[in-house]
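S.K.: One structure is given below, represented as structure tokens, and several questions about it will come after.
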Amino acid sequence: MEGGVGIRTFRDRLTRYVARVRRGDRVVITDRGKPVAILVPYSASGSDSTQAKLAALFASGHVQLAQRPFLKNVVAVKGRGKPASKIISETRR
């Protein structure tokens, strides 16, 4: 689909746009003329394409495996003074 469809029009004619997507079209949803989302057909083999994309990223060197395992038991550090949540709530008043 060329161009885009406004949020209100999309909402009002949702079933029409879903039918277009079922036929293979892509629908660009806009808010005040700026694209905010794309509705694309669902692919059951999406996990395969995700794996292929990750493999391509690894091969290109943009992504690397972790050098060490992630920490599982993180110890909380206690600080002095007021908690950050209390300071934030006080500044919002």
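How things are named: the first chain in the structure tokens is A, the next is B, and so on; residues count from 1 in each chain; ligands count from 1 in the order shown.
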Got a sec: who's within 10 Å of A:Thr9, counting only C-alpha atoms, leaving out chain neighbours fewer than 4 positions off, as a short mmCIF file (atom, residue, chain, number, x, y, z; two decimals) with N, CA, C and O atoms, in the first residue's frame?
M.R.:
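Here's the written file out_24.cif:
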data_model
loop_
_atom_site.label_atom_id
_atom_site.label_comp_id
_atom_site.auth_asym_id
_atom_site.auth_seq_id
_atom_site.Cartn_x
_atom_site.Cartn_y
_atom_site.Cartn_z
N VAL A 5 -2.09 5.47 6.20
CA VAL A 5 -3.47 5.65 6.62
C VAL A 5 -3.45 6.25 8.02
O VAL A 5 -2.66 5.83 8.87
N ARG A 13 -11.93 1.62 9.78
CA ARG A 13 -11.98 0.62 8.71
C ARG A 13 -11.02 -0.53 8.98
O ARG A 13 -10.41 -1.07 8.05
N LEU A 14 -10.90 -0.92 10.23
CA LEU A 14 -9.93 -1.93 10.64
C LEU A 14 -10.06 -3.22 9.86
O LEU A 14 -9.06 -3.77 9.37
N TYR A 17 -8.49 -3.10 6.40
CA TYR A 17 -7.04 -3.11 6.37
C TYR A 17 -6.47 -4.46 6.78
O TYR A 17 -5.46 -4.91 6.24
N ILE A 29 0.69 2.98 9.22
CA ILE A 29 -0.25 3.76 10.03
C ILE A 29 0.45 5.05 10.43
O ILE A 29 1.57 5.03 10.92
N THR A 30 -0.24 6.17 10.21
CA THR A 30 0.37 7.48 10.47
C THR A 30 -0.39 8.22 11.56
O THR A 30 -1.58 7.98 11.79
#
S.K.: Taking the DSSP assignment computed from this structure's backbone, write out as a PyMOL selection string all residues of chain A that belong to strand (DSSP E or B).
M.R.: chain A and resi 5-6+27-31+34-39
S.K.: Output as JSON, numbers by chain all residues of chain A that backbone DSSP marks as helix (DSSP H, G or I).
M.R.: {"A": [7, 8, 9, 10, 11, 12, 14, 15, 16, 17, 18, 19, 20, 21, 22, 46, 47, 48, 49, 50, 51, 52, 53, 54, 55, 56, 57, 58, 59, 60, 84, 85, 86, 87, 88, 89, 90, 91]}
S.K.: Report the distance between atom CA of A:Phe58 and atom CA of A:Val36 in Å, rounded to one decimal place.
M.R.: 29.0 Å
S.K.: When you count only C-alpha atoms, which of these residues is closest to A:Leu39: A:Ala19, A:Val27, A:Leu57, A:Leu65?
M.R.: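 Of all the options, A:Val27 lies closest to A:Leu39.
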S.K.: Between atom CA of A:Arg26 and atom CA of A:Gly6, what is the distance, to one decimal in Å?
M.R.: 14.2 Å
S.K.: Taking only C-alpha atoms into account, which of A:Leu54, A:His62, A:Val18, A:Arg92 comes nearest A:Pro41?
M.R.: A:Val18
S.K.: Restricting the calculation to only C-alpha atoms, which member of A:Arg68, A:Val77, A:Tyr42, A:Ala55 is positioned closest to A:Arg23?
M.R.: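 For A:Arg23, the nearest of the given residues is A:Tyr42.
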S.K.: Quick one: distance from atom CA of A:Pro69 to atom CA of A:Lys53 in Å, one decimal?
M.R.: 23.1 Å
